[in-house]
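**Student:** Sharing start06.txt (compact mmCIF, C-alpha atoms) below.
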```
# COMPACT_ATOMS: atom_id res chain seq x y z
CA MET A 181 5.34 -1.95 7.52
CA SER A 182 7.37 0.13 5.11
CA ALA A 183 5.52 2.86 3.21
CA ARG A 184 7.02 1.34 0.06
CA LEU A 185 4.90 -1.73 0.71
CA VAL A 186 1.65 -0.26 1.99
CA PRO A 187 0.35 3.31 1.60
CA PRO A 188 0.00 5.45 4.73
CA GLY A 189 -2.98 4.64 6.89
CA ALA A 190 -6.16 6.66 6.67
CA ARG A 191 -8.97 7.34 9.12
CA GLU A 192 -12.60 6.53 8.43
CA LEU A 193 -14.45 9.84 8.35
CA PRO A 194 -17.89 10.23 9.97
CA ALA A 195 -19.72 10.16 6.62
CA LEU A 196 -18.21 6.74 5.88
CA THR A 197 -19.18 5.44 9.31
CA GLU A 198 -22.73 6.66 8.75
CA LEU A 199 -22.87 4.75 5.46
CA ARG A 200 -21.41 1.68 7.15
CA LEU A 201 -24.09 1.72 9.84
CA GLU A 202 -26.82 2.14 7.22
CA VAL A 203 -25.64 -0.95 5.36
CA ARG A 204 -25.19 -2.87 8.60
CA ALA A 205 -28.78 -2.13 9.67
CA PHE A 206 -30.15 -3.28 6.31
CA LEU A 207 -28.18 -6.53 6.47
CA ALA A 208 -29.31 -7.22 10.03
CA GLU A 209 -32.91 -6.86 8.85
CA GLN A 210 -32.24 -9.24 5.96
CA VAL A 211 -30.76 -11.90 8.25
CA ALA A 212 -33.59 -11.52 10.76
CA ALA A 213 -36.14 -11.94 7.96
CA GLY A 214 -34.41 -15.10 6.71
CA ALA A 215 -33.49 -13.54 3.37
CA PHE A 216 -30.13 -15.33 3.53
CA VAL A 217 -28.10 -17.48 5.89
CA PRO A 218 -24.63 -16.05 6.68
CA HIS A 219 -21.84 -18.21 5.30
CA VAL A 220 -18.12 -18.21 4.48
CA ASP A 221 -16.43 -17.29 1.18
CA THR A 222 -19.69 -15.88 -0.12
CA TRP A 223 -18.16 -13.73 -2.86
CA LEU A 224 -17.40 -16.99 -4.67
CA THR A 225 -19.99 -19.45 -3.40
CA ARG A 226 -23.28 -17.68 -2.74
CA TRP A 227 -25.41 -16.44 -5.66
CA ASP A 228 -28.64 -14.51 -5.21
CA ARG A 229 -29.62 -12.32 -8.15
CA ASP A 230 -32.59 -10.85 -6.29
CA PHE A 231 -30.34 -9.76 -3.43
CA THR A 232 -27.85 -8.29 -5.92
CA ARG A 233 -30.60 -6.32 -7.68
CA GLU A 234 -31.77 -5.00 -4.30
CA LEU A 235 -28.26 -3.71 -3.61
CA GLY A 236 -28.35 -2.02 -7.00
CA ARG A 237 -31.70 -0.46 -6.19
CA ARG A 238 -30.26 0.96 -2.98
CA GLY A 239 -27.29 2.47 -4.80
CA TRP A 240 -24.73 0.06 -3.35
CA LEU A 241 -23.48 -1.29 -6.66
CA GLY A 242 -21.53 0.61 -9.30
CA MET A 243 -20.50 3.01 -6.58
CA VAL A 244 -17.36 4.25 -8.37
CA ILE A 245 -19.10 4.36 -11.76
CA PRO A 246 -20.05 7.93 -12.79
CA THR A 247 -23.72 8.83 -12.84
CA GLU A 248 -23.67 9.41 -16.60
CA TYR A 249 -23.07 5.68 -17.01
CA GLY A 250 -25.75 4.64 -14.54
CA GLY A 251 -23.49 4.45 -11.48
CA GLN A 252 -23.44 6.30 -8.19
CA GLY A 253 -20.41 8.55 -8.73
CA ARG A 254 -19.12 7.81 -5.23
CA THR A 255 -15.64 7.02 -3.92
CA TYR A 256 -13.55 3.87 -3.53
CA LEU A 257 -13.70 4.40 0.22
CA GLU A 258 -17.49 4.42 0.20
CA ARG A 259 -17.41 1.26 -1.87
CA PHE A 260 -14.96 -0.23 0.62
CA VAL A 261 -17.22 0.15 3.64
CA VAL A 262 -20.21 -1.28 1.76
CA THR A 263 -18.32 -4.34 0.51
CA GLU A 264 -16.70 -4.89 3.90
CA GLU A 265 -20.07 -4.95 5.65
CA LEU A 266 -21.44 -7.38 3.05
CA LEU A 267 -18.54 -9.76 3.62
CA VAL A 268 -18.52 -9.45 7.40
CA VAL A 269 -22.13 -10.64 7.55
CA GLY A 270 -21.57 -13.38 4.97
CA ALA A 271 -24.08 -12.07 2.42
CA PRO A 272 -24.69 -13.75 -0.99
CA VAL A 273 -22.73 -11.40 -3.25
CA ALA A 274 -21.22 -13.67 -5.92
CA ALA A 275 -23.62 -12.59 -8.68
CA HIS A 276 -22.21 -9.08 -8.87
CA TRP A 277 -18.77 -9.42 -7.33
CA ILE A 278 -16.47 -9.61 -10.35
CA ALA A 279 -18.47 -7.16 -12.46
CA GLU A 280 -18.65 -4.59 -9.69
CA ARG A 281 -15.12 -5.10 -8.38
CA GLN A 282 -12.98 -4.98 -11.51
CA ILE A 283 -14.97 -5.09 -14.74
CA GLY A 284 -16.58 -1.71 -14.10
CA PRO A 285 -13.31 0.11 -13.27
CA SER A 286 -11.59 -1.53 -16.26
CA LEU A 287 -14.34 -0.45 -18.62
CA LEU A 288 -14.10 3.07 -17.25
CA ARG A 289 -10.37 3.14 -17.89
CA TYR A 290 -10.08 1.26 -21.19
CA GLY A 291 -13.55 0.89 -22.67
CA THR A 292 -15.02 2.81 -25.57
CA GLU A 293 -18.01 5.06 -25.04
CA GLU A 294 -20.21 2.41 -26.65
CA GLN A 295 -18.85 -0.30 -24.33
CA LYS A 296 -19.39 1.86 -21.26
CA GLU A 297 -22.97 2.60 -22.25
CA ALA A 298 -23.61 -1.05 -23.11
CA PHE A 299 -22.41 -2.58 -19.84
CA LEU A 300 -21.98 -0.10 -16.99
CA PRO A 301 -25.66 0.70 -16.32
CA GLY A 302 -26.48 -3.02 -16.13
CA ILE A 303 -23.58 -3.65 -13.76
CA SER A 304 -24.79 -0.82 -11.52
CA ARG A 305 -28.31 -2.26 -11.46
CA GLY A 306 -27.00 -5.73 -10.66
CA GLU A 307 -28.39 -7.14 -13.89
CA VAL A 308 -25.23 -7.88 -15.91
CA VAL A 309 -22.99 -10.69 -14.63
CA PHE A 310 -19.33 -10.94 -15.68
CA GLY A 311 -16.52 -13.43 -15.26
CA ILE A 312 -12.77 -13.25 -15.86
CA GLY A 313 -10.99 -15.41 -18.46
CA MET A 314 -7.33 -15.32 -17.45
CA SER A 315 -6.04 -18.68 -16.19
CA GLU A 316 -5.55 -21.63 -18.54
CA PRO A 317 -4.74 -25.33 -18.02
CA ASP A 318 -1.00 -24.64 -18.33
CA SER A 319 -1.03 -20.97 -17.39
CA GLY A 320 -2.06 -19.91 -13.90
CA SER A 321 -0.23 -17.07 -12.22
CA ASP A 322 2.18 -16.80 -15.17
CA LEU A 323 -0.31 -15.15 -17.50
CA ALA A 324 2.37 -14.34 -20.08
CA SER A 325 2.21 -18.01 -21.10
CA VAL A 326 -1.46 -17.99 -22.15
CA ARG A 327 -2.13 -20.00 -25.31
CA THR A 328 -5.58 -18.79 -26.26
CA ARG A 329 -5.13 -17.33 -29.75
CA ALA A 330 -6.77 -14.29 -31.26
CA GLU A 331 -6.62 -14.34 -35.07
CA ARG A 332 -7.50 -11.31 -37.16
CA VAL A 333 -10.47 -11.77 -39.51
CA ASP A 334 -12.74 -9.40 -41.42
CA GLY A 335 -14.58 -7.24 -38.93
CA GLY A 336 -13.00 -8.67 -35.81
CA TRP A 337 -11.06 -11.52 -34.22
CA ARG A 338 -11.53 -15.25 -33.72
CA LEU A 339 -10.60 -16.66 -30.33
CA THR A 340 -9.52 -20.26 -29.89
CA GLY A 341 -8.39 -21.78 -26.61
CA THR A 342 -9.43 -22.86 -23.13
CA LYS A 343 -9.83 -20.88 -19.94
CA VAL A 344 -10.01 -22.68 -16.62
CA TRP A 345 -11.07 -21.96 -13.02
CA THR A 346 -13.49 -19.38 -14.40
CA SER A 347 -15.66 -18.47 -11.43
CA GLY A 348 -19.37 -18.31 -12.21
CA ALA A 349 -19.02 -18.69 -15.99
CA HIS A 350 -22.15 -20.88 -15.99
CA GLU A 351 -24.10 -17.94 -14.56
CA ALA A 352 -22.32 -15.06 -16.29
CA ASP A 353 -23.36 -13.12 -19.37
CA ALA A 354 -19.83 -12.31 -20.55
CA PHE A 355 -16.19 -12.31 -19.53
CA PHE A 356 -12.94 -10.54 -20.26
CA ALA A 357 -10.60 -12.94 -22.07
CA LEU A 358 -6.84 -12.47 -22.25
CA ALA A 359 -5.50 -13.89 -25.51
CA ARG A 360 -2.34 -13.86 -27.56
CA SER A 361 -2.90 -11.63 -30.60
CA ALA A 362 0.72 -11.79 -31.83
CA PRO A 363 3.35 -14.56 -31.75
CA ILE A 364 5.27 -14.80 -28.51
CA ASP A 365 8.65 -13.09 -28.37
CA PRO A 366 10.81 -14.98 -25.83
CA ALA A 367 12.66 -11.77 -25.02
CA HIS A 368 9.43 -9.84 -24.42
CA ARG A 369 6.90 -12.41 -23.23
CA HIS A 370 4.35 -9.84 -22.07
CA ASP A 371 4.01 -8.26 -25.51
CA GLY A 372 1.38 -9.37 -28.00
CA LEU A 373 -1.45 -9.95 -25.50
CA SER A 374 -4.89 -8.40 -25.84
CA GLN A 375 -8.22 -8.39 -24.02
CA PHE A 376 -11.60 -9.16 -25.50
CA ILE A 377 -15.17 -8.91 -24.22
CA VAL A 378 -16.69 -12.33 -24.91
CA ASP A 379 -20.42 -13.08 -24.95
CA LEU A 380 -20.57 -16.41 -23.11
CA ARG A 381 -23.66 -17.41 -25.08
CA ALA A 382 -22.02 -16.83 -28.46
CA PRO A 383 -21.55 -19.66 -30.99
CA GLY A 384 -18.35 -21.58 -30.29
CA VAL A 385 -18.43 -21.08 -26.49
CA THR A 386 -18.69 -24.26 -24.43
CA ILE A 387 -18.82 -24.10 -20.63
CA ARG A 388 -18.03 -27.25 -18.65
CA PRO A 389 -18.39 -27.45 -14.87
CA ILE A 390 -15.50 -28.13 -12.50
CA ILE A 391 -16.99 -29.80 -9.44
CA SER A 392 -15.12 -29.18 -6.18
CA MET A 393 -14.19 -31.92 -3.73
CA GLY A 394 -17.21 -30.89 -1.68
CA GLY A 395 -19.53 -31.45 -4.63
CA ASP A 396 -20.10 -27.75 -5.33
CA HIS A 397 -20.04 -26.03 -8.71
CA HIS A 398 -18.31 -22.64 -8.65
CA PHE A 399 -15.56 -23.06 -11.25
CA ASN A 400 -15.67 -23.87 -14.94
CA GLU A 401 -13.66 -24.60 -18.05
CA VAL A 402 -14.58 -22.30 -20.90
CA HIS A 403 -13.68 -23.56 -24.37
CA LEU A 404 -13.49 -21.03 -27.18
CA ASP A 405 -13.70 -22.64 -30.61
CA GLY A 406 -13.14 -19.89 -33.16
CA VAL A 407 -15.47 -17.50 -31.34
CA LEU A 408 -15.99 -14.35 -33.37
CA ILE A 409 -15.29 -11.17 -31.43
CA PRO A 410 -16.31 -8.04 -33.35
CA ASP A 411 -13.92 -5.11 -33.36
CA ASP A 412 -16.22 -3.16 -31.04
CA ARG A 413 -15.66 -5.79 -28.35
CA VAL A 414 -11.89 -5.37 -28.16
CA LEU A 415 -11.09 -3.92 -24.75
CA GLY A 416 -8.51 -1.14 -24.92
CA GLU A 417 -5.71 -1.43 -27.45
CA ILE A 418 -4.54 -4.53 -29.27
CA GLY A 419 -1.22 -5.59 -27.77
CA ASP A 420 -1.75 -3.74 -24.46
CA GLY A 421 -3.44 -6.63 -22.69
CA TRP A 422 -0.67 -7.19 -20.17
CA SER A 423 -0.61 -3.64 -18.85
CA GLN A 424 -4.41 -3.60 -18.73
CA VAL A 425 -4.60 -6.87 -16.80
CA THR A 426 -1.98 -5.83 -14.25
CA SER A 427 -3.87 -2.62 -13.58
CA GLU A 428 -7.01 -4.68 -12.89
CA LEU A 429 -5.20 -6.85 -10.38
CA ALA A 430 -4.85 -4.06 -7.83
CA HIS A 431 -8.65 -4.09 -7.61
CA GLU A 432 -8.78 -7.88 -7.48
CA ARG A 433 -6.07 -8.51 -4.89
CA SER A 434 -6.47 -5.82 -2.28
CA GLY A 435 -10.13 -5.80 -1.34
CA PRO A 436 -11.68 -7.04 1.90
CA GLU A 437 -12.63 -10.31 0.20
CA ARG A 438 -8.95 -11.28 0.59
CA VAL A 439 -9.28 -10.84 4.36
CA LEU A 440 -12.83 -11.71 5.37
CA SER A 441 -13.72 -14.97 3.62
CA THR A 442 -13.77 -16.82 6.96
CA PHE A 443 -14.86 -13.95 9.20
CA GLN A 444 -18.25 -15.55 9.87
CA LEU A 445 -16.49 -18.66 11.18
CA LEU A 446 -14.33 -16.64 13.59
CA ALA A 447 -17.33 -14.62 14.74
CA ALA A 448 -19.33 -17.78 15.37
CA ALA A 449 -16.43 -19.28 17.34
CA ALA A 450 -16.14 -16.11 19.43
CA GLN A 451 -19.87 -16.25 20.18
CA ALA A 452 -19.57 -19.91 21.13
CA MET A 453 -16.77 -19.06 23.56
CA ASP A 454 -18.87 -16.28 25.07
CA ASP A 455 -21.82 -18.67 25.46
CA GLY A 456 -19.67 -21.39 26.99
CA ARG A 457 -20.10 -23.73 24.04
CA LEU A 458 -16.35 -23.62 23.31
CA PRO A 459 -13.42 -23.16 25.70
CA THR A 460 -12.04 -19.64 25.88
CA ASP A 461 -8.73 -19.49 24.06
CA PRO A 462 -6.14 -16.68 23.70
CA GLY A 463 -5.70 -17.51 20.03
CA LEU A 464 -8.95 -15.71 19.34
CA GLY A 465 -7.36 -12.39 20.26
CA ARG A 466 -4.43 -12.98 17.91
CA HIS A 467 -6.75 -13.55 14.96
CA VAL A 468 -8.87 -10.51 15.81
CA ALA A 469 -5.71 -8.39 15.97
CA ARG A 470 -4.56 -9.69 12.57
CA LEU A 471 -7.94 -8.86 11.06
CA ALA A 472 -7.81 -5.36 12.51
CA ALA A 473 -4.38 -4.75 10.97
CA LEU A 474 -5.46 -6.17 7.61
CA HIS A 475 -8.55 -3.97 7.64
CA HIS A 476 -6.36 -0.88 7.93
CA MET A 477 -4.01 -2.12 5.19
CA SER A 478 -6.86 -2.86 2.78
CA PHE A 479 -8.47 0.49 3.56
CA ALA A 480 -5.14 2.18 2.83
CA VAL A 481 -4.99 0.54 -0.60
CA SER A 482 -8.52 1.73 -1.36
CA THR A 483 -7.36 5.22 -0.37
CA ALA A 484 -4.47 4.93 -2.84
CA LEU A 485 -6.87 3.81 -5.60
CA GLU A 486 -9.12 6.76 -4.81
CA ASN A 487 -6.10 9.06 -5.17
CA HIS A 488 -5.05 7.38 -8.47
CA GLU A 489 -1.81 6.18 -6.90
CA ASP A 490 0.07 3.01 -7.81
CA ALA A 491 -1.03 0.21 -5.50
CA ASP A 492 0.13 -2.96 -7.28
CA THR A 493 2.77 -3.94 -4.71
CA ALA A 494 0.59 -2.98 -1.76
CA ALA A 495 -2.29 -5.03 -3.19
CA ALA A 496 -0.01 -8.05 -3.45
CA VAL A 497 0.99 -7.62 0.21
CA VAL A 498 -2.65 -7.48 1.32
CA LYS A 499 -3.46 -10.54 -0.75
CA VAL A 500 -0.60 -12.63 0.64
CA LEU A 501 -1.19 -11.70 4.28
CA GLY A 502 -4.97 -11.66 4.03
CA THR A 503 -5.47 -15.01 2.36
CA THR A 504 -2.95 -16.64 4.70
CA GLY A 505 -4.92 -15.26 7.63
CA GLU A 506 -8.22 -16.54 6.23
CA GLY A 507 -6.82 -20.06 6.07
CA ASP A 508 -5.30 -19.79 9.51
CA ILE A 509 -8.74 -19.00 10.95
CA ALA A 510 -10.12 -22.23 9.49
CA ASP A 511 -7.19 -24.18 10.98
CA TYR A 512 -7.57 -22.44 14.34
CA VAL A 513 -11.25 -23.26 14.78
CA ASP A 514 -10.57 -26.79 13.58
CA THR A 515 -8.00 -27.28 16.35
CA LEU A 516 -10.57 -26.23 18.95
CA THR A 517 -12.58 -29.34 18.10
CA ALA A 518 -9.60 -31.48 19.16
CA THR A 519 -10.25 -30.42 22.75
CA GLY A 520 -13.29 -32.66 22.79
CA TRP A 521 -15.88 -29.87 22.72
CA ALA A 522 -18.74 -30.63 20.34
CA LEU A 523 -19.68 -28.02 17.75
CA ASP A 524 -23.27 -27.00 17.17
CA GLU A 525 -24.76 -27.37 13.71
CA GLU A 526 -24.19 -23.76 12.64
CA LEU A 527 -20.53 -23.68 13.66
CA ASP A 528 -19.88 -27.14 12.24
CA THR A 529 -21.40 -26.10 8.88
CA LEU A 530 -19.24 -22.98 8.71
CA LEU A 531 -16.09 -24.88 9.68
CA HIS A 532 -16.72 -27.66 7.14
CA ALA A 533 -17.22 -25.11 4.35
CA ALA A 534 -14.15 -23.10 5.38
CA ILE A 535 -11.92 -26.17 5.37
CA LEU A 536 -13.13 -27.17 1.91
CA GLN A 537 -12.62 -23.66 0.54
CA ARG A 538 -9.30 -23.11 2.27
CA PRO A 539 -7.02 -24.42 -0.53
CA GLY A 540 -8.35 -21.78 -2.91
CA PHE A 541 -7.72 -18.76 -0.69
CA THR A 542 -4.01 -18.47 -1.55
CA LEU A 543 -4.48 -19.48 -5.21
CA ARG A 544 -7.21 -17.19 -6.50
CA GLY A 545 -5.97 -13.88 -7.89
CA GLY A 546 -2.43 -15.22 -8.27
CA THR A 547 -0.68 -17.72 -6.02
CA ASN A 548 1.01 -16.32 -2.95
CA GLU A 549 4.32 -17.78 -4.12
CA ILE A 550 4.15 -15.71 -7.30
CA LEU A 551 2.98 -12.65 -5.40
CA ARG A 552 5.99 -12.79 -3.11
CA GLY A 553 8.05 -12.32 -6.26
CA VAL A 554 5.86 -9.35 -7.21
CA ILE A 555 6.51 -7.85 -3.77
CA ALA A 556 10.25 -8.46 -4.08
CA ARG A 557 10.24 -6.70 -7.44
CA GLY A 558 8.31 -3.80 -5.95
CA LEU A 559 11.00 -3.50 -3.30
CA GLY A 560 13.74 -3.54 -5.92
CA MET A 561 15.07 -6.89 -4.67
CA ARG A 562 14.83 -8.65 -8.03
```
Render the structure in this file as structure tokens.
**Tutor:**
Amino acid sequence: MSARLVPPGARELPALTELRLEVRAFLAEQVAAGAFVPHVDTWLTRWDRDFTRELGRRGWLGMVIPTEYGGQGRTYLERFVVTEELLVVGAPVAAHWIAERQIGPSLLRYGTEEQKEAFLPGISRGEVVFGIGMSEPDSGSDLASVRTRAERVDGGWRLTGTKVWTSGAHEADAFFALARSAPIDPAHRHDGLSQFIVDLRAPGVTIRPIISMGGDHHFNEVHLDGVLIPDDRVLGEIGDGWSQVTSELAHERSGPERVLSTFQLLAAAAQAMDDGRLPTDPGLGRHVARLAALHHMSFAVSTALENHEDADTAAAVVKVLGTTGEGDIADYVDTLTATGWALDEELDTLLHAAILQRPGFTLRGGTNEILRGVIARGLGMR
């Protein structure tokens, strides 16, 4: 893979491996004690506030947040190994995922001192839950077309519009909303956008569930009807919303959650083959090899973030390849059932959930079709 696409690889140093093993031992104890049942796609589908607060107590949340704001003051690479272990075991991490993954770093980069002090300690303790208000009914990956309006009023702004596919909004305390604060200029469509920190319990906020085809409730529509946003809840600078959002996306697109959503399913299938409950199949090795390569690519992007290097194109590459691989694992295990071998209850449950979640893998965080254009632009091809 060209260095223009993915940063150079990096080795995991002994201190990181020691941290990894510490987290792994804790999670093994939790599973053995029945604290949670490993599952697939848990960063979206499995909420457990008590588990999240325990991670905060152990110093495994807010890892890149400085200690003066209640965080751990550790590195992106340390955060990487912790989050990877959580996903590998299928732990219930949805309650803190968005806040810890991208809200915290964005507040550090663009927030005021008051905003940092108001939110970062709670994020690090696992007590403050955030969502992201980007997509709209007619604006998915093309965020320049958002229609939510921000109108200037005395002391702040009033937001009117609808956000859709907002993960966990029914559980969250607040979200970042991208809104148009100036009329659209067809020649400069990305201008005139701003970000706002919205209290999801404020007057004028209505949250309506979007029920998935499996009957689950993860997504929501969030209607903003003239919601008053005080000036001290503007994130960054008015009109700079596009550049702020794109900087967030490197955090959103490159992490191990874009690779490991179906890891538990593959691991269960491998165990079933070893136990003789499924036929041995060479396809298993191909998927393990893909995961190994994607691990190194995602780790390389975290290294770039730690070094304050541009990683937008590399993050898009990881997201496209990783989410495709996640879906392919679901398809692969599904084909094994066509051989006539019966699945046990655990493997059948994981497979059923993976198949239902599969359509979202390549959509969330920007569709893979759009991201291929981002990659082409990064390569100077368009």
**Student:** List as CSV every residue of stretch 327-437 of chain A that is in contact with stretch 223-229 of chain A, defined as an atom at most 9 Å from one of its atoms (using all atoms listed in the file), together with the nearest atom pair and the distance in Å rounded to one decimal, sorted by chain and then rising number.
**Tutor:**
```
residue,atom,partner,partner_atom,distance
A:Ser347,CA,A:Leu224,CA,7.1
A:Gly348,CA,A:Leu224,CA,7.9
A:Asp396,CA,A:Thr225,CA,8.5
A:His397,CA,A:Thr225,CA,8.5
A:His398,CA,A:Thr225,CA,6.4
A:Glu437,CA,A:Trp223,CA,7.2
```
**Student:** Atom CA of A:Ser325 and atom CA of A:Arg369 are how many Å apart?
**Tutor:**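 So the two atoms, atom CA of A:Ser325 and atom CA of A:Arg369, lie 7.6 Å apart.
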**Student:** Determine the nearest neighbour of A:Leu429 from the options A:Gly236, A:Gly251, A:Gly242, A:Pro285, counting all atoms listed in the file.
**Tutor:**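 Closest candidate: A:Pro285.
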**Student:** Please provide the set of residues having any atom within 9 Å of A:Leu408, restricted to only C-alpha atoms, with same-chain residues fewer than 5 positions apart removed, written as a PyMOL selection string.
**Tutor:** chain A and resi 333+336-339+378+382-384
**Student:** Find the spatial neighbours of A:Leu527, counting all atoms listed in the file, within a cut-off of 8 Å - ignore same-chain residues fewer than 3 positions away - and output them as a PyMOL selection string.
**Tutor:** chain A and resi 445+448-449+523-524+530-531
**Student:** What does the distance between atom CA of A:Asp318 and atom CA of A:Val425 come to in Å, to one decimal place?
**Tutor:** 18.2 Å
**Student:** Between atom CA of A:Val273 and atom CA of A:Phe216, what is the spacing in Å?
**Tutor:**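 Computing the Euclidean distance for atom CA of A:Phe216 and atom CA of A:Val273 yields 10.8 Å.
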**Student:** Leaving out A:Arg233 and any residue of its chain fewer than 4 positions from it, which residues lie within 7 Å of it when counting all atoms listed in the file, given as a CSV table (one decimal) with C-alpha atoms, keeping the file's coordinate frame?
**Tutor:**
```csv
chain,number,residue,atom,x,y,z
A,229,ARG,CA,-29.6,-12.3,-8.2
A,237,ARG,CA,-31.7,-0.5,-6.2
A,305,ARG,CA,-28.3,-2.3,-11.5
A,306,GLY,CA,-27.0,-5.7,-10.7
A,307,GLU,CA,-28.4,-7.1,-13.9
```
**Student:** Check the smallest atom-to-atom distance from each of A:Lys499, A:His403, A:Arg329, A:His532 to A:Val439 using only C-alpha atoms, then report the winner.
**Tutor:**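 Going through A:Lys499, A:His403, A:Arg329, A:His532 one by one, the smallest distance to A:Val439 is for A:Lys499.
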**Student:** Determine, using only C-alpha atoms, which residues of stretch 204-304 of chain A have any atom at most 9 Å from an atom of stretch 308-312 of chain A, and tabulate each with its shortest atom pair and distance in Å to one decimal place, rows ordered by chain and then rising number, as JSON lines.
**Tutor:**
```
{"residue": "A:Ala275", "atom": "CA", "partner": "A:Val309", "partner_atom": "CA", "distance": 6.3}
{"residue": "A:His276", "atom": "CA", "partner": "A:Val309", "partner_atom": "CA", "distance": 6.0}
{"residue": "A:Trp277", "atom": "CA", "partner": "A:Phe310", "partner_atom": "CA", "distance": 8.5}
{"residue": "A:Ile278", "atom": "CA", "partner": "A:Phe310", "partner_atom": "CA", "distance": 6.2}
{"residue": "A:Ala279", "atom": "CA", "partner": "A:Phe310", "partner_atom": "CA", "distance": 5.0}
{"residue": "A:Glu280", "atom": "CA", "partner": "A:Phe310", "partner_atom": "CA", "distance": 8.8}
{"residue": "A:Ile283", "atom": "CA", "partner": "A:Phe310", "partner_atom": "CA", "distance": 7.4}
{"residue": "A:Phe299", "atom": "CA", "partner": "A:Val308", "partner_atom": "CA", "distance": 7.2}
{"residue": "A:Leu300", "atom": "CA", "partner": "A:Val308", "partner_atom": "CA", "distance": 8.5}
{"residue": "A:Pro301", "atom": "CA", "partner": "A:Val308", "partner_atom": "CA", "distance": 8.6}
{"residue": "A:Gly302", "atom": "CA", "partner": "A:Val308", "partner_atom": "CA", "distance": 5.0}
{"residue": "A:Ile303", "atom": "CA", "partner": "A:Val308", "partner_atom": "CA", "distance": 5.0}
{"residue": "A:Ser304", "atom": "CA", "partner": "A:Val308", "partner_atom": "CA", "distance": 8.3}
```
**Student:** Restricting the calculation to only C-alpha atoms, which member of A:Ala518, A:Leu536, A:Ala359, A:Val500 is positioned closest to A:Leu404?
**Tutor:**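 Among A:Ala518, A:Leu536, A:Ala359, A:Val500, it is A:Ala359 that comes nearest to A:Leu404.
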**Student:** Which residue is closest to A:Ser482? Choose from A:Arg433, A:Arg200, A:Arg388, A:His370 and count all atoms listed in the file.
**Tutor:**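 Result for the nearest residue to A:Ser482: A:Arg433.
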**Student:** Pick from A:Gly214, A:Gly291, A:Gly560, A:Pro188: nearest to A:Gln424, with only C-alpha atoms counted?
**Tutor:**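 With only C-alpha atoms as the atom set, the closest residue is A:Gly291.
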**Student:** Find the residue from A:Gly421, A:Pro246, A:Pro410, A:Gly313 that sits nearest to A:Gly284; use all atoms listed in the file when measuring.
**Tutor:** A:Pro246
**Student:** So that I can see what lies close to stretch 451-457 of chain A, please list as a PyMOL selection string the residues with an atom at most 8 Å from it, counting all atoms listed in the file and leaving out residues fewer than 4 positions away in the same chain.
**Tutor:** chain A and resi 447+521-523
**Student:** Please return, as a PyMOL selection string, all polymer residues that have at least one atom within 6 Å of the point (-20.2, -12.0, -20.8); use only C-alpha atoms and the file's own coordinate frame.
**Tutor:** chain A and resi 310+352-355+378-380
**Student:** Compile the contact shell of stretch 546-557 of chain A as a list in words: residues with an atom at most 10 Å away, counting all atoms listed in the file, same-chain residues fewer than 6 positions apart removed.
**Tutor:** Arg184, Leu185, Ser315, Gly320, Ser321, Asp322, Leu323, Leu429, Glu432, Arg433, Asp492, Thr493, Ala494, Ala495, Ala496, Val497, Lys499, Val500, Leu501, Thr503, Thr504 and Gly540 of chain A
